[in-house]
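Here is the file final_38.pdb (PDB, C-alpha atoms).
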MODEL        1
ATOM      1  CA  MET A 186       0.000   0.000   0.000
ATOM      2  CA  LEU A 187       1.258   3.436  -0.809
ATOM      3  CA  LEU A 188       1.006   6.029   1.867
ATOM      4  CA  VAL A 189      -1.890   8.339   1.245
ATOM      5  CA  PHE A 190       0.184  11.431   1.884
ATOM      6  CA  ASP A 191       2.155  10.993  -1.290
ATOM      7  CA  ILE A 192       2.659  14.402  -2.888
ATOM      8  CA  SER A 193       2.735  14.703  -6.637
ATOM      9  CA  TYR A 194       6.204  15.494  -7.812
ATOM     10  CA  PHE A 195       6.632  18.917  -9.268
ATOM     11  CA  PRO A 196       9.974  19.065 -11.053
ATOM     12  CA  SER A 197      12.078  22.101 -10.351
ATOM     13  CA  SER A 198      12.261  24.671 -13.087
ATOM     14  CA  ASN A 199      14.899  24.040 -15.690
ATOM     15  CA  LEU A 200      17.953  25.881 -14.475
ATOM     16  CA  PHE A 201      20.039  25.652 -17.582
ATOM     17  CA  VAL A 202      19.776  28.153 -20.354
ATOM     18  CA  SER A 203      18.594  26.395 -23.489
ATOM     19  CA  SER A 204      21.857  26.845 -25.418
ATOM     20  CA  GLU A 205      23.665  24.845 -22.783
ATOM     21  CA  TYR A 206      21.194  22.020 -22.668
ATOM     22  CA  MET A 207      22.629  20.088 -25.607
ATOM     23  CA  GLU A 208      26.096  20.323 -24.124
ATOM     24  CA  ILE A 209      24.901  18.956 -20.805
ATOM     25  CA  GLU A 210      23.271  16.040 -22.613
ATOM     26  CA  GLN A 211      26.582  15.388 -24.340
ATOM     27  CA  ILE A 212      28.371  15.365 -21.007
ATOM     28  CA  HIS A 213      25.987  12.697 -19.785
ATOM     29  CA  ASN A 214      26.426  10.633 -22.915
ATOM     30  CA  ILE A 215      30.165  10.871 -23.417
ATOM     31  CA  GLU A 216      31.493  10.203 -19.981
ATOM     32  CA  ASN A 217      29.968   8.775 -16.885
ATOM     33  CA  GLU A 218      30.362  10.631 -13.663
ATOM     34  CA  SER A 219      32.869   8.385 -11.950
ATOM     35  CA  GLU A 220      35.149   8.637 -14.963
ATOM     36  CA  LEU A 221      34.875  12.406 -14.912
ATOM     37  CA  VAL A 222      35.629  12.565 -11.203
ATOM     38  CA  HIS A 223      38.553  10.183 -11.564
ATOM     39  CA  LYS A 224      40.035  12.221 -14.398
ATOM     40  CA  ALA A 225      39.503  15.477 -12.491
ATOM     41  CA  GLN A 226      41.271  13.953  -9.487
ATOM     42  CA  LYS A 227      44.211  13.150 -11.748
ATOM     43  CA  GLY A 228      44.400  16.817 -12.728
ATOM     44  CA  ASP A 229      42.399  16.761 -15.953
ATOM     45  CA  GLN A 230      41.115  20.321 -16.145
ATOM     46  CA  ARG A 231      38.610  19.555 -18.869
ATOM     47  CA  ALA A 232      37.038  16.880 -16.702
ATOM     48  CA  PHE A 233      36.855  19.317 -13.807
ATOM     49  CA  SER A 234      35.236  21.939 -16.049
ATOM     50  CA  LEU A 235      32.652  19.389 -17.178
ATOM     51  CA  LEU A 236      31.856  18.550 -13.559
ATOM     52  CA  VAL A 237      31.409  22.245 -12.826
ATOM     53  CA  LYS A 238      29.156  22.618 -15.824
ATOM     54  CA  LYS A 239      27.124  19.592 -14.818
ATOM     55  CA  TYR A 240      26.502  20.733 -11.261
ATOM     56  CA  GLU A 241      26.754  24.531 -11.220
ATOM     57  CA  SER A 242      23.023  25.091 -11.640
ATOM     58  CA  THR A 243      22.206  22.513  -8.976
ATOM     59  CA  VAL A 244      24.552  24.227  -6.535
ATOM     60  CA  TYR A 245      23.346  27.725  -7.373
ATOM     61  CA  SER A 246      19.700  26.753  -7.164
ATOM     62  CA  PHE A 247      20.144  25.006  -3.836
ATOM     63  CA  ALA A 248      22.143  27.912  -2.400
ATOM     64  CA  TYR A 249      19.488  30.374  -3.537
ATOM     65  CA  LYS A 250      16.661  28.329  -2.065
ATOM     66  CA  VAL A 251      18.474  28.220   1.268
ATOM     67  CA  CYS A 252      19.811  31.796   1.374
ATOM     68  CA  ARG A 253      16.916  33.423  -0.574
ATOM     69  CA  ASN A 254      19.426  35.951  -1.864
ATOM     70  CA  GLU A 255      21.044  36.003  -5.325
ATOM     71  CA  GLU A 256      24.294  37.577  -4.219
ATOM     72  CA  LYS A 257      24.789  35.063  -1.420
ATOM     73  CA  ALA A 258      23.885  32.229  -3.777
ATOM     74  CA  GLU A 259      26.550  33.407  -6.260
ATOM     75  CA  GLU A 260      29.151  33.634  -3.498
ATOM     76  CA  THR A 261      28.195  30.174  -2.267
ATOM     77  CA  LEU A 262      28.485  28.831  -5.806
ATOM     78  CA  GLN A 263      32.034  30.213  -6.119
ATOM     79  CA  ASP A 264      33.082  29.045  -2.662
ATOM     80  CA  THR A 265      31.650  25.584  -3.274
ATOM     81  CA  PHE A 266      33.584  24.907  -6.469
ATOM     82  CA  VAL A 267      36.761  26.368  -4.993
ATOM     83  CA  ASN A 268      36.333  23.855  -2.157
ATOM     84  CA  VAL A 269      35.498  21.072  -4.587
ATOM     85  CA  TYR A 270      38.690  21.790  -6.506
ATOM     86  CA  ARG A 271      40.790  21.886  -3.368
ATOM     87  CA  LYS A 272      39.257  18.797  -1.763
ATOM     88  CA  LEU A 273      38.596  16.663  -4.816
ATOM     89  CA  ASP A 274      41.330  14.194  -3.941
ATOM     90  CA  GLN A 275      39.549  13.580  -0.614
ATOM     91  CA  PHE A 276      36.468  12.234  -2.397
ATOM     92  CA  ASN A 277      36.751   8.463  -2.065
ATOM     93  CA  GLY A 278      33.772   7.405  -4.176
ATOM     94  CA  LYS A 279      31.997   5.636  -1.326
ATOM     95  CA  SER A 280      29.067   8.031  -1.603
ATOM     96  CA  LYS A 281      27.558   9.572  -4.699
ATOM     97  CA  PHE A 282      29.477  12.596  -5.988
ATOM     98  CA  SER A 283      26.308  14.669  -5.694
ATOM     99  CA  THR A 284      25.997  13.729  -2.000
ATOM    100  CA  TRP A 285      29.584  14.837  -1.386
ATOM    101  CA  LEU A 286      28.904  18.028  -3.313
ATOM    102  CA  TYR A 287      25.792  18.761  -1.265
ATOM    103  CA  GLN A 288      27.886  18.324   1.893
ATOM    104  CA  ILE A 289      30.172  21.098   0.678
ATOM    105  CA  VAL A 290      27.314  23.390  -0.347
ATOM    106  CA  THR A 291      25.492  22.958   2.938
ATOM    107  CA  ASN A 292      28.698  23.669   4.860
ATOM    108  CA  ASN A 293      29.164  26.822   2.818
ATOM    109  CA  CYS A 294      25.591  27.884   3.470
ATOM    110  CA  LEU A 295      26.137  27.372   7.187
ATOM    111  CA  MET A 296      29.404  29.316   7.065
ATOM    112  CA  LYS A 297      27.816  32.144   5.139
ATOM    113  CA  ARG A 298      25.081  32.320   7.751
ATOM    114  CA  ARG A 299      27.694  32.617  10.472
ATOM    115  CA  GLN A 300      29.654  35.244   8.554
ATOM    116  CA  SER A 301      26.750  37.488   7.692
ATOM    117  CA  LYS A 302      24.599  36.698  10.729
ATOM    118  CA  LEU A 303      21.852  35.975   8.248
ATOM    119  CA  ASP A 304      19.866  34.197  10.881
ATOM    120  CA  LYS A 305      19.824  36.937  13.485
ATOM    121  CA  SER A 306      16.052  36.981  13.171
ATOM    122  CA  SER A 307      15.773  33.198  13.563
ATOM    123  CA  VAL A 308      13.541  32.003  16.318
ATOM    124  CA  SER A 309      13.237  28.808  18.281
ATOM    125  CA  ILE A 310      10.512  26.630  16.836
ATOM    126  CA  GLU A 311       9.818  25.116  20.222
ATOM    127  CA  SER A 312       9.190  28.532  21.730
ATOM    128  CA  ARG A 313       6.710  29.352  18.999
ATOM    129  CA  ASP A 314       4.873  26.054  18.948
ATOM    130  CA  GLY A 315       1.347  26.699  20.051
ATOM    131  CA  GLY A 316       1.764  30.431  19.822
ATOM    132  CA  GLN A 317      -0.225  32.714  17.568
ATOM    133  CA  GLU A 318       1.697  33.877  14.526
ATOM    134  CA  GLU A 319       1.304  37.353  13.211
ATOM    135  CA  PRO A 320      -0.953  37.126  10.152
ATOM    136  CA  GLU A 321       0.578  38.317   6.902
ATOM    137  CA  HIS A 322      -1.152  41.107   5.031
ATOM    138  CA  ARG A 323      -0.784  42.925   1.760
ATOM    139  CA  SER A 324       0.495  46.474   1.687
ATOM    140  CA  ASP A 325      -3.106  47.710   1.505
ATOM    141  CA  GLY A 326      -3.940  45.870   4.713
ATOM    142  CA  GLN A 327      -5.851  43.013   3.101
ATOM    143  CA  PRO A 328      -4.819  39.423   3.779
ATOM    144  CA  LEU A 329      -2.856  37.616   1.089
ATOM    145  CA  GLN A 330      -5.181  35.302  -0.745
ATOM    146  CA  ALA A 331      -4.327  34.685  -4.385
ATOM    147  CA  LEU A 332      -2.639  31.552  -5.659
ATOM    148  CA  VAL A 333      -0.050  31.726  -8.391
ATOM    149  CA  SER A 334      -2.065  31.901 -11.572
ATOM    150  CA  MET A 335      -1.309  30.942 -15.147
ATOM    151  CA  THR A 336      -3.300  33.916 -16.421
ATOM    152  CA  GLN A 337      -1.935  36.747 -14.402
ATOM    153  CA  THR A 338      -3.451  40.162 -14.189
ATOM    154  CA  PRO A 339      -1.310  43.091 -12.948
ATOM    155  CA  GLN A 340      -3.024  42.670  -9.582
ATOM    156  CA  ASP A 341      -2.054  38.965  -9.536
ATOM    157  CA  GLU A 342       1.550  39.913 -10.188
ATOM    158  CA  VAL A 343       1.539  42.219  -7.176
ATOM    159  CA  VAL A 344       0.020  39.486  -5.023
ATOM    160  CA  ASN A 345       2.438  36.864  -6.333
ATOM    161  CA  LYS A 346       5.344  39.156  -5.570
ATOM    162  CA  GLU A 347       3.952  39.538  -2.098
ATOM    163  CA  LEU A 348       3.503  35.781  -1.818
ATOM    164  CA  ARG A 349       7.142  35.250  -2.783
ATOM    165  CA  GLU A 350       8.160  37.778  -0.160
ATOM    166  CA  LEU A 351       6.008  35.991   2.382
ATOM    167  CA  LEU A 352       7.602  32.641   1.503
ATOM    168  CA  ASP A 353      11.089  34.181   1.725
ATOM    169  CA  LYS A 354      10.317  35.868   5.008
ATOM    170  CA  ALA A 355       8.921  32.682   6.527
ATOM    171  CA  ILE A 356      11.777  30.391   5.501
ATOM    172  CA  LEU A 357      14.406  32.903   6.612
ATOM    173  CA  LYS A 358      12.978  32.690  10.114
ATOM    174  CA  LEU A 359      13.838  29.000  10.240
ATOM    175  CA  PRO A 360      17.093  27.981  11.888
ATOM    176  CA  MET A 361      19.567  27.119   9.127
ATOM    177  CA  GLU A 362      19.743  23.413  10.029
ATOM    178  CA  GLN A 363      15.975  23.038   9.611
ATOM    179  CA  ARG A 364      15.932  25.218   6.515
ATOM    180  CA  ILE A 365      18.547  23.043   4.818
ATOM    181  CA  VAL A 366      16.620  19.872   5.641
ATOM    182  CA  PHE A 367      13.388  21.389   4.323
ATOM    183  CA  VAL A 368      15.029  22.441   1.045
ATOM    184  CA  LEU A 369      16.811  19.109   0.610
ATOM    185  CA  ARG A 370      13.735  17.009   1.310
ATOM    186  CA  ASP A 371      10.735  19.004   0.208
ATOM    187  CA  VAL A 372      12.102  21.333  -2.442
ATOM    188  CA  GLU A 373      14.906  19.266  -3.972
ATOM    189  CA  GLY A 374      13.176  15.930  -3.396
ATOM    190  CA  ARG A 375      16.155  14.178  -1.765
ATOM    191  CA  SER A 376      15.438  11.172   0.428
ATOM    192  CA  SER A 377      15.705  11.259   4.218
ATOM    193  CA  GLU A 378      18.611   8.834   3.965
ATOM    194  CA  GLU A 379      20.527  11.051   1.557
ATOM    195  CA  ALA A 380      19.776  14.173   3.594
ATOM    196  CA  ALA A 381      21.133  12.337   6.633
ATOM    197  CA  LYS A 382      24.347  11.484   4.763
ATOM    198  CA  ILE A 383      24.721  15.045   3.523
ATOM    199  CA  LEU A 384      24.256  16.525   6.970
ATOM    200  CA  LYS A 385      26.043  13.685   8.770
ATOM    201  CA  VAL A 386      23.140  13.174  11.151
ATOM    202  CA  SER A 387      20.723  10.285  11.725
ATOM    203  CA  VAL A 388      17.554   9.739   9.689
ATOM    204  CA  PRO A 389      15.369  10.374  12.771
ATOM    205  CA  ALA A 390      17.194  13.685  13.244
ATOM    206  CA  VAL A 391      16.399  14.610   9.635
ATOM    207  CA  LYS A 392      12.752  13.686  10.142
ATOM    208  CA  SER A 393      12.573  15.651  13.347
ATOM    209  CA  ARG A 394      14.051  18.780  11.751
ATOM    210  CA  LEU A 395      11.793  18.361   8.751
ATOM    211  CA  ARG A 396       8.705  18.034  10.906
ATOM    212  CA  ARG A 397       9.578  21.190  12.816
ATOM    213  CA  ALA A 398      10.294  23.079   9.616
ATOM    214  CA  ARG A 399       7.046  21.978   7.980
ATOM    215  CA  VAL A 400       4.952  22.824  11.002
ATOM    216  CA  PHE A 401       6.625  26.203  11.398
ATOM    217  CA  LEU A 402       6.231  27.163   7.739
ATOM    218  CA  ARG A 403       2.623  26.018   7.706
ATOM    219  CA  LYS A 404       1.914  28.201  10.700
ATOM    220  CA  GLN A 405       3.641  31.140   9.035
ATOM    221  CA  LEU A 406       1.439  30.694   5.959
ATOM    222  CA  GLN A 407      -1.663  29.775   7.919
ATOM    223  CA  GLU A 408      -3.774  32.768   7.052
ATOM    224  CA  TYR A 409      -2.889  32.431   3.397
ATOM    225  CA  MET A 410      -3.961  28.783   3.505
ATOM    226  CA  GLU A 411      -7.295  29.473   5.134
ATOM    227  CA  VAL A 412      -8.538  31.922   2.546
TER     228      VAL A 412
ATOM    229  CA  MET B 292     -13.424  13.853  29.289
ATOM    230  CA  LYS B 293     -11.182  10.829  29.009
ATOM    231  CA  LYS B 294     -12.374  10.181  25.461
ATOM    232  CA  LYS B 295     -11.573  13.757  24.466
ATOM    233  CA  THR B 296      -8.033  13.420  25.805
ATOM    234  CA  VAL B 297      -7.562  10.172  23.926
ATOM    235  CA  ASN B 298      -8.794  11.782  20.706
ATOM    236  CA  LYS B 299      -6.547  14.763  21.191
ATOM    237  CA  LEU B 300      -3.543  12.536  21.753
ATOM    238  CA  ARG B 301      -4.444  10.576  18.683
ATOM    239  CA  CYS B 302      -4.641  13.753  16.591
ATOM    240  CA  ASN B 303      -1.267  14.842  17.916
ATOM    241  CA  GLU B 304       0.188  11.501  17.019
ATOM    242  CA  VAL B 305      -1.322  11.720  13.548
ATOM    243  CA  ALA B 306      -0.004  15.240  13.085
ATOM    244  CA  LYS B 307       3.508  14.185  14.104
ATOM    245  CA  TYR B 308       3.431  11.153  11.841
ATOM    246  CA  VAL B 309       2.065  13.065   8.892
ATOM    247  CA  CYS B 310       4.597  15.863   9.311
ATOM    248  CA  GLU B 311       7.475  13.406   9.359
ATOM    249  CA  ASN B 312       6.289  11.130   6.576
ATOM    250  CA  LEU B 313       4.416  13.445   4.253
ATOM    251  CA  ASP B 314       5.923  12.174   1.026
ATOM    252  CA  GLU B 315       7.195   8.799   2.140
ATOM    253  CA  GLN B 316       5.814   5.656   0.562
ATOM    254  CA  LEU B 317       5.284   3.606   3.653
ATOM    255  CA  ASN B 318       3.582   0.289   4.057
ATOM    256  CA  SER B 319       2.703  -0.357   7.650
ATOM    257  CA  ARG B 320      -0.194  -1.032   9.968
ATOM    258  CA  LYS B 321       0.291   2.401  11.458
ATOM    259  CA  CYS B 322       0.037   3.959   8.029
ATOM    260  CA  LEU B 323      -3.327   2.289   7.505
ATOM    261  CA  ALA B 324      -4.524   3.517  10.885
ATOM    262  CA  ILE B 325      -3.420   7.057  10.048
ATOM    263  CA  LYS B 326      -5.223   6.848   6.725
ATOM    264  CA  LYS B 327      -8.421   5.791   8.457
ATOM    265  CA  HIS B 328      -8.064   8.588  10.966
ATOM    266  CA  LEU B 329      -7.584  11.153   8.226
ATOM    267  CA  GLN B 330     -10.757  10.008   6.497
ATOM    268  CA  THR B 331     -12.807  10.710   9.579
ATOM    269  CA  CYS B 332     -11.040  13.668  11.184
ATOM    270  CA  PRO B 333     -11.630  16.989   9.390
ATOM    271  CA  LYS B 334      -9.058  18.777  11.549
ATOM    272  CA  CYS B 335      -6.230  16.398  10.710
ATOM    273  CA  SER B 336      -7.319  16.277   7.090
ATOM    274  CA  ALA B 337      -7.236  20.085   6.878
ATOM    275  CA  GLN B 338      -3.793  20.146   8.490
ATOM    276  CA  LEU B 339      -2.528  17.623   5.984
ATOM    277  CA  ASN B 340      -3.865  19.714   3.113
ATOM    278  CA  SER B 341      -2.294  22.911   4.411
ATOM    279  CA  LEU B 342       0.990  21.056   4.829
ATOM    280  CA  LYS B 343       0.802  19.872   1.235
ATOM    281  CA  LYS B 344       0.026  23.410   0.086
ATOM    282  CA  THR B 345       3.003  24.765   1.992
ATOM    283  CA  VAL B 346       5.355  22.291   0.353
ATOM    284  CA  PHE B 347       3.755  22.920  -3.047
ATOM    285  CA  LEU B 348       4.295  26.666  -2.754
ATOM    286  CA  TYR B 349       7.957  26.311  -1.868
ATOM    287  CA  ARG B 350       8.553  23.716  -4.548
ATOM    288  CA  ASN B 351       7.044  25.938  -7.185
ATOM    289  CA  CYS B 352       8.389  29.251  -5.988
ATOM    290  CA  PRO B 353      10.350  30.711  -8.917
ATOM    291  CA  ALA B 354      14.117  30.853  -8.487
ATOM    292  CA  PRO B 355      16.610  32.843 -10.547
ATOM    293  CA  VAL B 356      18.366  30.991 -13.342
ATOM    294  CA  LEU B 357      22.122  30.756 -13.681
ATOM    295  CA  THR B 358      23.088  32.523 -16.902
ATOM    296  CA  ALA B 359      25.910  31.884 -19.372
ATOM    297  CA  GLU B 360      27.515  35.058 -18.009
ATOM    298  CA  ASP B 361      27.416  33.621 -14.469
ATOM    299  CA  HIS B 362      29.039  30.448 -15.776
ATOM    300  CA  GLU B 363      31.840  32.413 -17.442
ATOM    301  CA  LYS B 364      32.410  34.391 -14.258
ATOM    302  CA  LEU B 365      32.623  31.194 -12.227
ATOM    303  CA  MET B 366      34.991  29.526 -14.663
ATOM    304  CA  ALA B 367      37.212  32.623 -14.804
ATOM    305  CA  GLY B 368      37.543  32.561 -11.016
ATOM    306  CA  LEU B 369      38.296  28.847 -11.000
ATOM    307  CA  SER B 370      40.845  29.210 -13.805
ATOM    308  CA  LEU B 371      42.815  31.663 -11.669
ATOM    309  CA  LEU B 372      42.752  29.173  -8.810
ATOM    310  CA  ILE B 373      43.926  26.336 -11.057
ATOM    311  CA  LYS B 374      46.764  28.461 -12.476
ATOM    312  CA  LYS B 375      47.940  29.371  -8.970
ATOM    313  CA  LYS B 376      48.051  25.691  -8.064
TER     314      LYS B 376
ENDMDL
END

Could you quickly redo this structure as structure tokens?
Amino acid sequence: MLLVFDISYFPSSNLFVSSEYMEIEQIHNIENESELVHKAQKGDQRAFSLLVKKYESTVYSFAYKVCRNEEKAEETLQDTFVNVYRKLDQFNGKSKFSTWLYQIVTNNCLMKRRQSKLDKSSVSIESRDGGQEEPEHRSDGQPLQALVSMTQTPQDEVVNKELRELLDKAILKLPMEQRIVFVLRDVEGRSSEEAAKILKVSVPAVKSRLRRARVFLRKQLQEYMEV
Amino acid sequence: MKKKTVNKLRCNEVAKYVCENLDEQLNSRKCLAIKKHLQTCPKCSAQLNSLKKTVFLYRNCPAPVLTAEDHEKLMAGLSLLIKKK
């Protein structure tokens, strides 16, 4: 029996510009990943460049979804591949390359948070559990209520912009550890087991952080949901 | 009074389970019990739906796209690093 809570999968938006898409397909066809990694470890710069090309959008997208800031995402992208280059010989192939890469990105996100004190507005989920959240309102004082629409009117665009801001604001209130788990599991679609490997914590710890994150975000968006 | 407490505990348990296993494909007796509970409890059912909506919104929230220019900038920075090494 499949669990009834199964959510339909909504693939992330295509992060590659169309002109690059063919090239990425070629990368997949010509060389498999372990060969690329092995060559890059031996100092093959072309292989390293192909690895960068293959994963740069994944890294940037993940960093943006965690930091909710383009500049920070770009910095994280740079820092991540600098670290990948420097530490590539430490990758032993026991895990997937993407898992190892996510470990580096998440570490960089955590470091960036520490550096910029991004999370100074973070709050303890436990302290808020059961508490009443401040309802979110539009600039004209009305509650947010429109869903993202395929046929947008100018008014929809304003509301959607406000919805995005509400989503950003809510997720930025999450402690970074919970935010990363939420993005890995619910936004990127990684399994609990992989998230646990990436974060070097147990699966129950991942589930616990995810539960807290989901409950917190739902509460933050509660008024929007009810309309 | 006792019944109410039991129901409340049950809803809490359901909420915890649902929040932890929202998109997991599980096959257990507990899963079946949760499913039954959700069919008869409007509160838990509503919470599940709002949880799904929350995840849906974040999954579909537009994110900026990495451009060819960004790629060139990244590669230029990495080339300098490689040359130094």

*Identify all chain B residues at most 8 Å from chain A by counting all atoms listed in the file; ligands do not count. Present them as a VMD selection string.*
chain B and resid 307 309 to 318 322 326 339 341 to 347 349 to 359 362 365 to 366 368 to 369 372

_Report as a list of chain:residue names all protein, DNA and RNA residues lying within 10 Å of Ile325 of chain B, evaluated on all atoms listed in the file, omitting residues in the same chain fewer than 4 positions from it._
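Contacts, in chain order: A:Leu188, A:Val189, A:Phe190, B:Arg301, B:Cys302, B:Glu304, B:Val305, B:Ala306, B:Tyr308, B:Val309, B:Ser319, B:Arg320, B:Lys321, B:Leu329, B:Gln330, B:Cys335.
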
_Just want the 9 Å neighbourhood of Phe233 of chain A, counted on only C-alpha atoms, with same-chain residues fewer than 6 positions away dropped. Output as a count of residues only._
6

*Using the chain letters and numbers from the file, which residues does the PyMOL selection byres ((chain A and resi 297) around 12) grab, as a ChimeraX atom specification?*
/A:248,251-252,254,256-262,264-265,290-296,298-304,361

Quick one: axis-aligned box around all listed atoms of segment 320-331 of chain B, 4 Å on every side, centre and edge lengths in Å to one decimal, written as lines of an AutoDock Vina configuration file.
center_x = -6.3
center_y = 5.1
center_z = 9.0
size_x = 21.1
size_y = 20.2
size_z = 13.0

*Just how far from atom CA of Tyr240 of chain A is atom CA of Leu286 of chain A, in Å to one decimal?*
8.7 Å

*asked:* Using Å and a single decimal, report how far atom CA of Ala367 of chain B sits from atom CA of Asn268 of chain A.
replied: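 Those two atoms sit 15.4 Å apart.
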
*In Å, rounded to a single decimal, give me how far atom CA of Glu218 of chain A is from atom CA of Lys239 of chain A.*
9.6 Å
